[in-house]
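Source file my_file-v8.cif; content: mmCIF, C-alpha atoms and all ligand atoms.
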```cif
data_start
loop_
_atom_site.label_atom_id
_atom_site.label_comp_id
_atom_site.auth_asym_id
_atom_site.auth_seq_id
_atom_site.Cartn_x
_atom_site.Cartn_y
_atom_site.Cartn_z
CA MET A 1 32.29 -21.19 -17.96
CA SER A 2 32.20 -19.48 -21.35
CA THR A 3 28.45 -19.53 -21.89
CA PHE A 4 26.00 -20.49 -19.19
CA LYS A 5 22.37 -20.97 -18.34
CA CYS A 6 21.16 -18.16 -16.16
CA LEU A 7 17.97 -18.03 -14.10
CA VAL A 8 16.75 -14.45 -13.54
CA THR A 9 14.06 -14.15 -10.89
CA GLY A 10 12.02 -10.97 -11.26
CA GLY A 11 13.14 -10.91 -14.93
CA ALA A 12 9.96 -9.16 -16.11
CA GLY A 13 10.60 -6.24 -13.77
CA PHE A 14 12.54 -3.01 -14.25
CA ILE A 15 16.11 -4.06 -13.36
CA GLY A 16 15.53 -7.77 -14.00
CA SER A 17 14.57 -7.20 -17.65
CA HIS A 18 17.83 -5.28 -18.19
CA VAL A 19 19.76 -8.12 -16.52
CA VAL A 20 18.07 -10.51 -18.97
CA ASP A 21 19.10 -8.25 -21.89
CA ALA A 22 22.71 -8.14 -20.68
CA PHE A 23 23.02 -11.94 -20.39
CA LEU A 24 21.34 -12.57 -23.76
CA ALA A 25 23.56 -9.99 -25.47
CA ASP A 26 26.60 -11.79 -24.07
CA GLY A 27 25.42 -15.09 -25.57
CA HIS A 28 23.98 -16.90 -22.55
CA ASP A 29 20.71 -18.81 -22.16
CA VAL A 30 18.13 -17.27 -19.86
CA ILE A 31 15.15 -18.54 -17.88
CA ILE A 32 12.90 -15.97 -16.22
CA ILE A 33 10.81 -16.57 -13.12
CA ASP A 34 8.28 -13.85 -12.40
CA ASP A 35 4.85 -13.79 -10.79
CA LEU A 36 4.01 -10.58 -12.72
CA SER A 37 2.84 -8.91 -9.51
CA GLU A 38 4.81 -5.80 -10.52
CA GLY A 39 6.61 -6.87 -13.68
CA ASN A 40 5.13 -6.45 -17.09
CA MET A 41 5.24 -8.56 -20.25
CA ILE A 42 5.94 -5.33 -22.16
CA ASN A 43 9.39 -5.30 -20.54
CA ILE A 44 10.34 -8.58 -22.17
CA GLU A 45 8.30 -8.63 -25.35
CA HIS A 46 11.39 -7.73 -27.42
CA ILE A 47 13.12 -10.94 -26.31
CA ALA A 48 10.06 -13.17 -25.87
CA ASP A 49 11.30 -15.77 -28.37
CA LYS A 50 14.79 -15.88 -26.83
CA VAL A 51 13.95 -16.76 -23.22
CA GLU A 52 12.06 -19.38 -21.28
CA LEU A 53 9.43 -17.68 -19.12
CA GLU A 54 8.10 -19.42 -16.02
CA ILE A 55 5.24 -17.55 -14.39
CA GLY A 56 5.15 -18.34 -10.69
CA THR A 57 6.31 -17.21 -7.29
CA VAL A 58 9.59 -17.66 -5.44
CA LYS A 59 7.43 -18.21 -2.34
CA ASP A 60 6.65 -21.67 -3.79
CA ALA A 61 9.61 -23.92 -2.88
CA ALA A 62 8.46 -26.88 -5.00
CA PHE A 63 8.07 -24.70 -8.10
CA ILE A 64 11.61 -23.36 -7.67
CA GLU A 65 13.24 -26.72 -7.04
CA GLU A 66 12.20 -27.95 -10.48
CA LEU A 67 13.64 -24.90 -12.20
CA VAL A 68 17.12 -24.71 -10.67
CA GLU A 69 18.22 -28.03 -12.17
CA ASP A 70 20.88 -27.51 -14.89
CA VAL A 71 21.22 -23.83 -14.08
CA ASP A 72 24.74 -22.31 -13.79
CA VAL A 73 23.99 -18.82 -12.49
CA ILE A 74 21.06 -17.31 -10.56
CA CYS A 75 20.38 -13.57 -10.53
CA HIS A 76 17.82 -13.15 -7.78
CA LEU A 77 15.81 -9.95 -8.16
CA ALA A 78 12.24 -11.12 -7.48
CA ALA A 79 11.01 -9.15 -4.48
CA ASN A 80 8.70 -6.45 -3.39
CA ALA A 81 10.91 -3.45 -4.24
CA SER A 82 8.73 -0.70 -2.81
CA VAL A 83 9.55 0.79 0.61
CA SER A 84 6.09 2.29 1.04
CA LYS A 85 4.35 -0.96 0.15
CA SER A 86 6.49 -2.71 2.76
CA VAL A 87 5.45 -0.17 5.38
CA HIS A 88 1.77 -0.80 4.63
CA ASN A 89 2.11 -4.56 4.29
CA PRO A 90 5.27 -5.90 6.04
CA LYS A 91 4.19 -9.50 5.54
CA LEU A 92 4.62 -9.06 1.78
CA ASP A 93 8.35 -8.46 2.19
CA PHE A 94 8.78 -11.22 4.72
CA GLU A 95 7.15 -13.74 2.38
CA SER A 96 8.47 -12.63 -1.03
CA ASN A 97 11.85 -11.22 -0.04
CA VAL A 98 12.93 -13.33 2.94
CA ILE A 99 11.20 -16.68 2.36
CA GLY A 100 11.65 -16.32 -1.41
CA THR A 101 15.42 -15.87 -1.01
CA PHE A 102 15.63 -18.72 1.51
CA ASN A 103 13.71 -21.03 -0.87
CA LEU A 104 16.15 -20.34 -3.70
CA LEU A 105 19.24 -20.84 -1.53
CA LYS A 106 17.87 -24.06 -0.08
CA ALA A 107 16.99 -25.32 -3.57
CA ILE A 108 20.55 -24.84 -4.84
CA MET A 109 22.62 -25.97 -1.84
CA ASN A 110 23.18 -29.44 -3.31
CA THR A 111 23.19 -28.55 -7.01
CA ASP A 112 25.81 -27.48 -9.56
CA VAL A 113 24.76 -23.83 -9.49
CA LYS A 114 28.03 -21.92 -9.73
CA LYS A 115 26.97 -18.43 -8.68
CA PHE A 116 24.08 -16.83 -6.79
CA ILE A 117 23.86 -13.06 -7.32
CA TYR A 118 21.55 -11.38 -4.86
CA ALA A 119 19.86 -8.01 -5.45
CA SER A 120 20.23 -6.33 -2.09
CA SER A 121 19.65 -2.63 -1.56
CA ALA A 122 21.04 0.59 -0.11
CA ALA A 123 17.99 0.36 2.18
CA VAL A 124 20.03 -2.00 4.40
CA TYR A 125 21.90 1.08 5.73
CA GLY A 126 18.80 3.01 6.85
CA GLU A 127 19.80 6.57 7.68
CA PRO A 128 23.61 6.47 7.39
CA GLU A 129 25.81 8.21 9.95
CA LYS A 130 28.03 9.52 7.15
CA VAL A 131 28.31 9.52 3.36
CA PRO A 132 29.68 8.10 1.17
CA ILE A 133 28.64 4.79 2.74
CA LYS A 134 31.11 1.93 2.88
CA GLU A 135 30.06 -1.73 2.79
CA THR A 136 31.44 -2.09 6.33
CA ASP A 137 29.22 0.67 7.75
CA PRO A 138 26.43 -0.31 10.19
CA LEU A 139 23.22 -1.86 8.89
CA LYS A 140 20.25 -0.10 10.47
CA PRO A 141 17.24 -0.50 8.17
CA VAL A 142 14.27 1.76 8.83
CA SER A 143 11.62 -0.11 6.84
CA PRO A 144 10.37 -3.70 6.62
CA TYR A 145 11.80 -3.65 3.09
CA GLY A 146 15.29 -2.78 4.40
CA ALA A 147 14.97 -5.45 7.11
CA SER A 148 14.02 -8.06 4.51
CA LYS A 149 17.08 -7.18 2.41
CA VAL A 150 19.42 -7.44 5.44
CA SER A 151 17.88 -10.80 6.25
CA GLY A 152 18.34 -11.98 2.64
CA GLU A 153 22.00 -10.91 2.71
CA HIS A 154 22.59 -12.84 5.93
CA TYR A 155 21.08 -16.00 4.44
CA VAL A 156 23.23 -15.54 1.33
CA SER A 157 26.34 -15.19 3.44
CA VAL A 158 25.52 -18.15 5.72
CA PHE A 159 24.73 -20.43 2.77
CA ASN A 160 28.10 -19.38 1.38
CA SER A 161 30.08 -20.09 4.55
CA THR A 162 28.12 -23.18 5.68
CA TYR A 163 27.20 -24.93 2.43
CA GLY A 164 29.69 -23.44 -0.02
CA VAL A 165 27.09 -21.73 -2.23
CA LYS A 166 29.19 -19.27 -4.28
CA SER A 167 27.44 -15.95 -4.00
CA VAL A 168 27.65 -12.19 -4.07
CA SER A 169 25.28 -9.52 -2.72
CA LEU A 170 24.85 -6.25 -4.59
CA ARG A 171 23.60 -3.29 -2.56
CA ILE A 172 21.94 -1.40 -5.37
CA PHE A 173 21.38 2.35 -4.98
CA ASN A 174 18.64 4.26 -6.87
CA SER A 175 18.48 2.82 -10.37
CA ILE A 176 17.12 4.87 -13.22
CA GLY A 177 16.52 4.30 -16.91
CA GLU A 178 14.20 2.66 -19.39
CA ARG A 179 11.21 0.62 -18.11
CA GLN A 180 11.02 2.21 -14.66
CA PRO A 181 7.31 2.67 -14.11
CA ARG A 182 7.55 4.19 -10.62
CA TYR A 183 9.69 6.27 -8.27
CA VAL A 184 10.69 9.89 -8.35
CA ILE A 185 11.69 10.51 -11.99
CA TYR A 186 8.72 8.63 -13.39
CA ASP A 187 6.38 10.40 -10.96
CA LEU A 188 7.67 13.83 -11.91
CA LEU A 189 7.45 13.10 -15.64
CA LYS A 190 3.93 11.78 -15.19
CA LYS A 191 2.85 14.88 -13.25
CA LEU A 192 4.28 17.16 -15.94
CA MET A 193 2.50 15.24 -18.66
CA LYS A 194 -0.78 15.22 -16.74
CA ASN A 195 -0.58 19.01 -16.33
CA LEU A 196 0.14 19.39 -20.02
CA CYS A 197 -2.84 17.19 -20.97
CA GLU A 198 -5.26 18.82 -18.52
CA TYR A 199 -4.24 22.48 -18.67
CA GLY A 200 -2.18 22.73 -21.86
CA GLU A 201 0.83 23.92 -19.81
CA THR A 202 3.05 22.57 -17.06
CA LYS A 203 2.83 25.62 -14.74
CA GLU A 204 3.61 23.89 -11.44
CA LEU A 205 5.50 20.73 -10.55
CA GLU A 206 4.66 19.24 -7.15
CA VAL A 207 7.58 17.41 -5.57
CA LEU A 208 7.06 15.26 -2.47
CA GLY A 209 9.26 16.18 0.51
CA THR A 210 11.58 19.15 0.93
CA GLY A 211 13.79 18.57 -2.12
CA GLU A 212 16.79 18.28 0.18
CA ASN A 213 17.05 14.50 0.21
CA ILE A 214 20.13 13.20 -1.55
CA ARG A 215 20.25 10.10 -3.73
CA ASP A 216 22.90 8.29 -5.74
CA PHE A 217 21.28 7.57 -9.13
CA ILE A 218 22.79 4.78 -11.17
CA TYR A 219 21.86 3.87 -14.75
CA VAL A 220 20.03 0.54 -14.87
CA GLY A 221 22.22 -0.68 -17.75
CA ASP A 222 25.26 -0.32 -15.46
CA VAL A 223 23.50 -2.32 -12.73
CA ALA A 224 22.70 -5.06 -15.28
CA ARG A 225 26.34 -5.10 -16.44
CA THR A 226 27.43 -5.54 -12.82
CA PHE A 227 25.32 -8.71 -12.54
CA LEU A 228 26.93 -10.04 -15.74
CA GLU A 229 30.47 -9.23 -14.57
CA CYS A 230 29.77 -10.87 -11.20
CA ALA A 231 28.61 -14.03 -13.00
CA LYS A 232 31.94 -14.21 -14.81
CA LYS A 233 34.46 -13.22 -12.13
CA SER A 234 35.38 -15.37 -9.14
CA ILE A 235 36.97 -12.41 -7.30
CA VAL A 236 33.46 -11.34 -6.22
CA ASP A 237 32.58 -14.66 -4.53
CA GLY A 238 31.51 -14.29 -0.90
CA ASN A 239 31.57 -10.50 -1.21
CA ILE A 240 29.13 -7.63 -0.79
CA TYR A 241 29.32 -4.55 -3.03
CA ASN A 242 27.70 -1.15 -3.17
CA VAL A 243 26.40 -0.54 -6.68
CA GLY A 244 26.03 3.20 -7.17
CA THR A 245 28.08 6.00 -8.71
CA GLY A 246 29.50 7.74 -5.64
CA VAL A 247 27.78 10.99 -6.69
CA GLY A 248 24.88 12.47 -4.74
CA HIS A 249 22.05 14.50 -6.28
CA SER A 250 19.45 16.41 -4.29
CA ILE A 251 15.83 15.85 -5.30
CA SER A 252 15.57 19.60 -5.98
CA SER A 253 18.49 19.45 -8.43
CA LEU A 254 16.90 16.39 -10.02
CA ALA A 255 13.60 18.25 -10.51
CA GLU A 256 15.51 21.17 -12.05
CA GLU A 257 17.47 18.82 -14.36
CA ILE A 258 14.20 17.29 -15.56
CA LEU A 259 12.68 20.68 -16.31
CA LYS A 260 15.88 21.67 -18.12
CA ALA A 261 15.91 18.50 -20.21
CA LEU A 262 12.30 19.15 -21.25
CA ASN A 263 12.75 22.90 -21.80
CA PHE A 264 10.17 23.68 -19.09
CA THR A 265 12.43 25.78 -16.83
CA GLU A 266 10.88 29.09 -17.85
CA THR A 267 7.28 27.95 -17.60
CA THR A 268 7.23 25.71 -14.54
CA LYS A 269 7.53 26.49 -10.86
CA ILE A 270 8.56 23.72 -8.47
CA ARG A 271 6.48 23.33 -5.28
CA TYR A 272 7.67 21.08 -2.44
CA THR A 273 5.09 19.38 -0.23
CA GLY A 274 7.52 19.56 2.70
CA SER A 275 6.52 16.35 4.40
CA SER A 276 8.45 13.11 4.25
CA TRP A 277 7.06 9.56 4.47
CA GLN A 278 7.73 6.52 6.60
CA GLY A 279 10.79 4.56 5.62
CA ASP A 280 12.31 7.53 3.78
CA VAL A 281 15.93 8.51 4.53
CA SER A 282 17.66 11.83 3.91
CA LYS A 283 20.98 10.90 2.33
CA LEU A 284 22.30 7.92 0.39
CA ILE A 285 25.60 8.05 -1.49
CA ALA A 286 27.65 4.94 -2.18
CA ASP A 287 31.36 4.50 -1.67
CA ILE A 288 32.10 2.40 -4.75
CA SER A 289 35.84 1.91 -4.33
CA LYS A 290 35.44 -1.82 -3.61
CA LEU A 291 33.39 -2.43 -6.76
CA GLN A 292 35.76 -0.32 -8.84
CA ASN A 293 38.81 -2.15 -7.48
CA ASP A 294 37.41 -5.60 -8.15
CA LEU A 295 35.44 -4.98 -11.34
CA ASN A 296 37.12 -1.90 -12.76
CA PHE A 297 33.80 -0.25 -13.44
CA GLU A 298 32.96 2.95 -15.34
CA PHE A 299 29.48 4.36 -14.81
CA THR A 300 27.22 6.26 -17.19
CA PRO A 301 27.13 10.00 -16.34
CA PHE A 302 23.92 11.14 -14.64
CA PRO A 303 22.59 13.46 -17.42
CA GLU A 304 22.90 10.61 -19.93
CA ALA A 305 21.15 8.15 -17.57
CA LEU A 306 18.34 10.66 -16.96
CA GLN A 307 17.95 11.22 -20.70
CA HIS A 308 17.56 7.45 -21.22
CA GLU A 309 14.58 7.47 -18.85
CA ILE A 310 13.06 10.61 -20.39
CA ASP A 311 13.39 9.22 -23.93
CA TRP A 312 11.80 5.93 -22.87
CA PHE A 313 8.97 7.81 -21.15
CA ASN A 314 8.32 9.99 -24.19
CA LYS A 315 8.26 7.00 -26.50
CA ASN A 316 6.27 4.56 -24.37
CA ILE A 317 4.17 6.25 -21.73
CA ARG A 318 1.98 8.42 -23.91
CA ASP A 319 -0.85 6.11 -22.90
CA LEU A 320 -0.77 6.23 -19.11
CA THR A 321 -2.91 3.10 -18.87
CA ALA A 322 -0.04 1.02 -20.31
CA PHE A 323 1.45 0.58 -16.83
N1 LIG A 401 14.94 -0.10 -8.40
C1 LIG A 401 15.92 0.18 -7.57
O1 LIG A 401 16.45 1.30 -7.59
C2 LIG A 401 16.43 -0.86 -6.59
C3 LIG A 401 17.37 -0.45 -5.62
C4 LIG A 401 17.85 -1.40 -4.75
C5 LIG A 401 17.48 -2.73 -4.85
N2 LIG A 401 16.58 -3.10 -5.79
C6 LIG A 401 16.20 -4.51 -5.86
O2 LIG A 401 16.32 -4.96 -7.20
C7 LIG A 401 15.28 -5.91 -7.47
C8 LIG A 401 14.47 -5.46 -8.67
O3 LIG A 401 13.86 -4.21 -8.37
P1 LIG A 401 13.01 -3.41 -9.46
O4 LIG A 401 13.12 -1.98 -9.15
O5 LIG A 401 13.35 -3.89 -10.80
O6 LIG A 401 11.54 -3.83 -9.06
P2 LIG A 401 10.37 -4.46 -9.94
O7 LIG A 401 9.16 -4.49 -9.07
O8 LIG A 401 10.28 -3.78 -11.26
O9 LIG A 401 10.90 -5.94 -10.17
C9 LIG A 401 10.67 -7.01 -9.28
C10 LIG A 401 10.11 -8.15 -10.09
O10 LIG A 401 9.91 -9.27 -9.24
C11 LIG A 401 8.61 -9.81 -9.47
N3 LIG A 401 8.19 -10.43 -8.21
C12 LIG A 401 7.85 -9.81 -7.05
N4 LIG A 401 7.56 -10.72 -6.11
C13 LIG A 401 7.73 -11.94 -6.68
C14 LIG A 401 7.60 -13.27 -6.22
N5 LIG A 401 7.23 -13.52 -4.98
N6 LIG A 401 7.88 -14.29 -7.08
C15 LIG A 401 8.25 -14.04 -8.37
N7 LIG A 401 8.38 -12.79 -8.86
C16 LIG A 401 8.14 -11.75 -8.03
C17 LIG A 401 7.74 -8.64 -9.90
O11 LIG A 401 6.62 -9.03 -10.67
C18 LIG A 401 8.75 -7.83 -10.71
O12 LIG A 401 8.74 -8.22 -12.08
C19 LIG A 401 14.47 -6.06 -6.19
O13 LIG A 401 14.97 -7.16 -5.48
C20 LIG A 401 14.76 -4.77 -5.46
O14 LIG A 401 14.61 -4.93 -4.07
C21 LIG A 401 16.02 -2.18 -6.66
#
```

Any chance you could put this one into structure tokens?
Ligand SMILES: NC(=O)c1ccc[n+]([C@@H]2O[C@H](COP(=O)([O-])OP(=O)(O)OC[C@H]3O[C@@H](n4cnc5c(N)ncnc54)[C@H](O)[C@@H]3O)[C@@H](O)[C@H]2O)c1
Amino acid sequence: MSTFKCLVTGGAGFIGSHVVDAFLADGHDVIIIDDLSEGNMINIEHIADKVELEIGTVKDAAFIEELVEDVDVICHLAANASVSKSVHNPKLDFESNVIGTFNLLKAIMNTDVKKFIYASSAAVYGEPEKVPIKETDPLKPVSPYGASKVSGEHYVSVFNSTYGVKSVSLRIFNSIGERQPRYVIYDLLKKLMKNLCEYGETKELEVLGTGENIRDFIYVGDVARTFLECAKKSIVDGNIYNVGTGVGHSISSLAEEILKALNFTETTKIRYTGSSWQGDVSKLIADISKLQNDLNFEFTPFPEALQHEIDWFNKNIRDLTAF
């Protein structure tokens, strides 16, 4: 397969739009399915004339069946991606994430689709017993979101072993970069900007939790590149990979890095709220030796990845109503 037709579900979302960019830049044709529940046309306006966009939901089996004909590769990212939303509305994850994944797998079991690449998540591990986490470590999700991703992975693996659907599951850790309109970095940048607008100074930065939680932040462009490499390489078939960097950062060090990058260190005091929230876990760091062995991957250093998100924010989120 030198060039192929790739269907990206969730292609108008944060990671999905970068996956679309990566496949287009490598010369492939792309169809996007997105229901725009969280995605945004702004994310794909720069490539609007280069892709086919199908607005609809992966919950609709008939809609999907029509679209998988003639497709070579599927990158499946459409899902509710928010842990807290899943805690408040677990049915959302069951329908979009579990049934949606099942619908796609069922639609392709008797087709010529050559690769199904599933966006799983570090949330499948729950609170790990040790870090860095290996792919073989126990799966103990602590949120409906994590449970839906485990379920999706199991369907992917069973459709591989039972029906021969060539597939790979990517357990993505915390992605950061351009077009991320939520989660910790975005929230902190937004709070700083709000303070600046309202009070003319940043003064205090409120950070949820204790600041002690550890996350493995990976640049979204590296995640997108992993999808592309998986589409091209048969070594990944039937496998599951952690997609992170192997480096942990505390939320307190992240907040300090952000202040440093914006030159606010002298003027801004960080205040932690202290309390955690349901579905939150204290430590996530990926063991990425399997991915590095099979795909020989180099990851973008954290300060550079953070700067990508800050630059995007400064350029695009001046008007907070845009997202
Ligand atoms: N962002 C991360 O750090 C992270 C980490 C681990 C896994 N993931 C997974 O990667 C994928 C993308 O996450 P994201 O952060 O880009 O989230 P996102 O919300 O920006 O993207 C998800 C996209 O899917 C669309 N969508 C949701 N439900 C749909 C449905 N039923 N039918 C069609 N489209 C639907 C949304 O409109 C959105 O455009 C998700 O599967 C998520 O679980 C993300």

Listing only residues of chain A within 6 Å of ligand LIG 401 (chain A), what is the closest atom pair and its distance in Å (to one decimal) for each, using only C-alpha atoms and all ligand atoms, sorted by chain and residue number ascending, as JSON lines?
```
{"residue": "A:Gly10", "atom": "CA", "partner": "A:LIG401", "partner_atom": "O10", "distance": 3.4}
{"residue": "A:Gly11", "atom": "CA", "partner": "A:LIG401", "partner_atom": "O12", "distance": 5.9}
{"residue": "A:Ala12", "atom": "CA", "partner": "A:LIG401", "partner_atom": "O12", "distance": 4.3}
{"residue": "A:Gly13", "atom": "CA", "partner": "A:LIG401", "partner_atom": "O12", "distance": 3.2}
{"residue": "A:Phe14", "atom": "CA", "partner": "A:LIG401", "partner_atom": "O5", "distance": 3.7}
{"residue": "A:Ile15", "atom": "CA", "partner": "A:LIG401", "partner_atom": "O5", "distance": 3.8}
{"residue": "A:Gly16", "atom": "CA", "partner": "A:LIG401", "partner_atom": "O5", "distance": 5.5}
{"residue": "A:Ile33", "atom": "CA", "partner": "A:LIG401", "partner_atom": "C15", "distance": 6.0}
{"residue": "A:Asp34", "atom": "CA", "partner": "A:LIG401", "partner_atom": "N7", "distance": 3.7}
{"residue": "A:Asp35", "atom": "CA", "partner": "A:LIG401", "partner_atom": "N7", "distance": 4.1}
{"residue": "A:Leu36", "atom": "CA", "partner": "A:LIG401", "partner_atom": "O11", "distance": 3.7}
{"residue": "A:Ser37", "atom": "CA", "partner": "A:LIG401", "partner_atom": "O11", "distance": 4.0}
{"residue": "A:Glu38", "atom": "CA", "partner": "A:LIG401", "partner_atom": "O11", "distance": 3.7}
{"residue": "A:Gly39", "atom": "CA", "partner": "A:LIG401", "partner_atom": "O12", "distance": 3.0}
{"residue": "A:Gly56", "atom": "CA", "partner": "A:LIG401", "partner_atom": "C15", "distance": 5.8}
{"residue": "A:Thr57", "atom": "CA", "partner": "A:LIG401", "partner_atom": "N6", "distance": 3.3}
{"residue": "A:Val58", "atom": "CA", "partner": "A:LIG401", "partner_atom": "N6", "distance": 4.1}
{"residue": "A:Lys59", "atom": "CA", "partner": "A:LIG401", "partner_atom": "N5", "distance": 5.4}
{"residue": "A:Leu77", "atom": "CA", "partner": "A:LIG401", "partner_atom": "O13", "distance": 4.0}
{"residue": "A:Ala78", "atom": "CA", "partner": "A:LIG401", "partner_atom": "O10", "distance": 3.5}
{"residue": "A:Ala79", "atom": "CA", "partner": "A:LIG401", "partner_atom": "N4", "distance": 4.1}
{"residue": "A:Asn80", "atom": "CA", "partner": "A:LIG401", "partner_atom": "C12", "distance": 5.0}
{"residue": "A:Ala81", "atom": "CA", "partner": "A:LIG401", "partner_atom": "O14", "distance": 4.0}
{"residue": "A:Ser96", "atom": "CA", "partner": "A:LIG401", "partner_atom": "N5", "distance": 4.2}
{"residue": "A:Ala119", "atom": "CA", "partner": "A:LIG401", "partner_atom": "O13", "distance": 5.0}
{"residue": "A:Ser120", "atom": "CA", "partner": "A:LIG401", "partner_atom": "C5", "distance": 5.3}
{"residue": "A:Ser121", "atom": "CA", "partner": "A:LIG401", "partner_atom": "C4", "distance": 3.9}
{"residue": "A:Ala122", "atom": "CA", "partner": "A:LIG401", "partner_atom": "C4", "distance": 6.0}
{"residue": "A:Ile172", "atom": "CA", "partner": "A:LIG401", "partner_atom": "C4", "distance": 4.1}
{"residue": "A:Phe173", "atom": "CA", "partner": "A:LIG401", "partner_atom": "C3", "distance": 4.9}
{"residue": "A:Asn174", "atom": "CA", "partner": "A:LIG401", "partner_atom": "O1", "distance": 3.8}
{"residue": "A:Ser175", "atom": "CA", "partner": "A:LIG401", "partner_atom": "O1", "distance": 3.8}
```

Inset, instruction - Take CA of Ala107 (chain A) and CA of Glu65 (chain A) and report the distance between them in Å, one decimal. - result: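 Distance between the two atoms: 5.3 Å.
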
Inset, instruction - Dump as a ChimeraX atom specification all residues having an atom at most 6 Å from (21.2, -12.7, -12.4), computed in the file's coordinates with all atoms listed in the file. - result: /A:8,74-76,117,227

Legend entry - Counting all atoms listed in the file, the residue of A:Ser252, A:Asn316, A:Thr267, A:Asn43 that sits nearest Lys190 (chain A):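 The answer is A:Asn316, which sits nearest to Lys190 (chain A).
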
Inset, instruction - Name the residues in contact with Glu212 (chain A) at a cut-off of 12 Å, using all atoms listed in the file, excluding same-chain residues fewer than 3 positions from it; report them as a list in words. - result: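 Answer for this query is Val207, Leu208, Gly209, Arg215, Gly248, His249, Ser250, Ile251, Ser252, Ser253, Leu254, Ala255, Tyr272, Thr273, Gly274, Ser275, Ser276, Val281, Ser282, Lys283 and Leu284 of chain A.
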
Please produce an output containing C-alpha atoms for each residue in the selection, written as a PDB file, in the coordinates of the input.
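Written output follows (out_18.pdb):
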```pdb
ATOM      1  CA  VAL A 207       7.580  17.410  -5.570  1.00  0.00           C
ATOM      2  CA  LEU A 208       7.060  15.260  -2.470  1.00  0.00           C
ATOM      3  CA  GLY A 209       9.260  16.180   0.510  1.00  0.00           C
ATOM      4  CA  ARG A 215      20.250  10.100  -3.730  1.00  0.00           C
ATOM      5  CA  GLY A 248      24.880  12.470  -4.740  1.00  0.00           C
ATOM      6  CA  HIS A 249      22.050  14.500  -6.280  1.00  0.00           C
ATOM      7  CA  SER A 250      19.450  16.410  -4.290  1.00  0.00           C
ATOM      8  CA  ILE A 251      15.830  15.850  -5.300  1.00  0.00           C
ATOM      9  CA  SER A 252      15.570  19.600  -5.980  1.00  0.00           C
ATOM     10  CA  SER A 253      18.490  19.450  -8.430  1.00  0.00           C
ATOM     11  CA  LEU A 254      16.900  16.390 -10.020  1.00  0.00           C
ATOM     12  CA  ALA A 255      13.600  18.250 -10.510  1.00  0.00           C
ATOM     13  CA  TYR A 272       7.670  21.080  -2.440  1.00  0.00           C
ATOM     14  CA  THR A 273       5.090  19.380  -0.230  1.00  0.00           C
ATOM     15  CA  GLY A 274       7.520  19.560   2.700  1.00  0.00           C
ATOM     16  CA  SER A 275       6.520  16.350   4.400  1.00  0.00           C
ATOM     17  CA  SER A 276       8.450  13.110   4.250  1.00  0.00           C
ATOM     18  CA  VAL A 281      15.930   8.510   4.530  1.00  0.00           C
ATOM     19  CA  SER A 282      17.660  11.830   3.910  1.00  0.00           C
ATOM     20  CA  LYS A 283      20.980  10.900   2.330  1.00  0.00           C
ATOM     21  CA  LEU A 284      22.300   7.920   0.390  1.00  0.00           C
TER      22      LEU A 284
END
```

Inset, instruction - Write out as a list in words which residues come within 7 Å of Glu178 (chain A) when counting all atoms listed in the file, dropping same-chain ones fewer than 3 positions away. - result: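 So the residues in contact are His308, Glu309 and Trp312 of chain A.
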
Inset, instruction - Can you work out the spacing between CA of Met109 (chain A) and CA of Asp237 (chain A) in Å, to one decimal? - result: 15.3 Å

Inset, instruction - Write out as a ChimeraX atom specification the residues lying within 12 Å of Asp187 (chain A), counting all atoms listed in the file and excluding same-chain residues fewer than 2 positions away. - result: /A:180-185,189-194,205-208,255,258,309-310,313,317,320

Written selection (C-alpha atoms) as a PDB file, keeping the file's coordinate frame:
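To be explicit, this is the file written out as out-v1.pdb:
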```pdb
ATOM      1  CA  GLN A 180      11.020   2.210 -14.660  1.00  0.00           C
ATOM      2  CA  PRO A 181       7.310   2.670 -14.110  1.00  0.00           C
ATOM      3  CA  ARG A 182       7.550   4.190 -10.620  1.00  0.00           C
ATOM      4  CA  TYR A 183       9.690   6.270  -8.270  1.00  0.00           C
ATOM      5  CA  VAL A 184      10.690   9.890  -8.350  1.00  0.00           C
ATOM      6  CA  ILE A 185      11.690  10.510 -11.990  1.00  0.00           C
ATOM      7  CA  LEU A 189       7.450  13.100 -15.640  1.00  0.00           C
ATOM      8  CA  LYS A 190       3.930  11.780 -15.190  1.00  0.00           C
ATOM      9  CA  LYS A 191       2.850  14.880 -13.250  1.00  0.00           C
ATOM     10  CA  LEU A 192       4.280  17.160 -15.940  1.00  0.00           C
ATOM     11  CA  MET A 193       2.500  15.240 -18.660  1.00  0.00           C
ATOM     12  CA  LYS A 194      -0.780  15.220 -16.740  1.00  0.00           C
ATOM     13  CA  LEU A 205       5.500  20.730 -10.550  1.00  0.00           C
ATOM     14  CA  GLU A 206       4.660  19.240  -7.150  1.00  0.00           C
ATOM     15  CA  VAL A 207       7.580  17.410  -5.570  1.00  0.00           C
ATOM     16  CA  LEU A 208       7.060  15.260  -2.470  1.00  0.00           C
ATOM     17  CA  ALA A 255      13.600  18.250 -10.510  1.00  0.00           C
ATOM     18  CA  ILE A 258      14.200  17.290 -15.560  1.00  0.00           C
ATOM     19  CA  GLU A 309      14.580   7.470 -18.850  1.00  0.00           C
ATOM     20  CA  ILE A 310      13.060  10.610 -20.390  1.00  0.00           C
ATOM     21  CA  PHE A 313       8.970   7.810 -21.150  1.00  0.00           C
ATOM     22  CA  ILE A 317       4.170   6.250 -21.730  1.00  0.00           C
ATOM     23  CA  LEU A 320      -0.770   6.230 -19.110  1.00  0.00           C
TER      24      LEU A 320
END
```
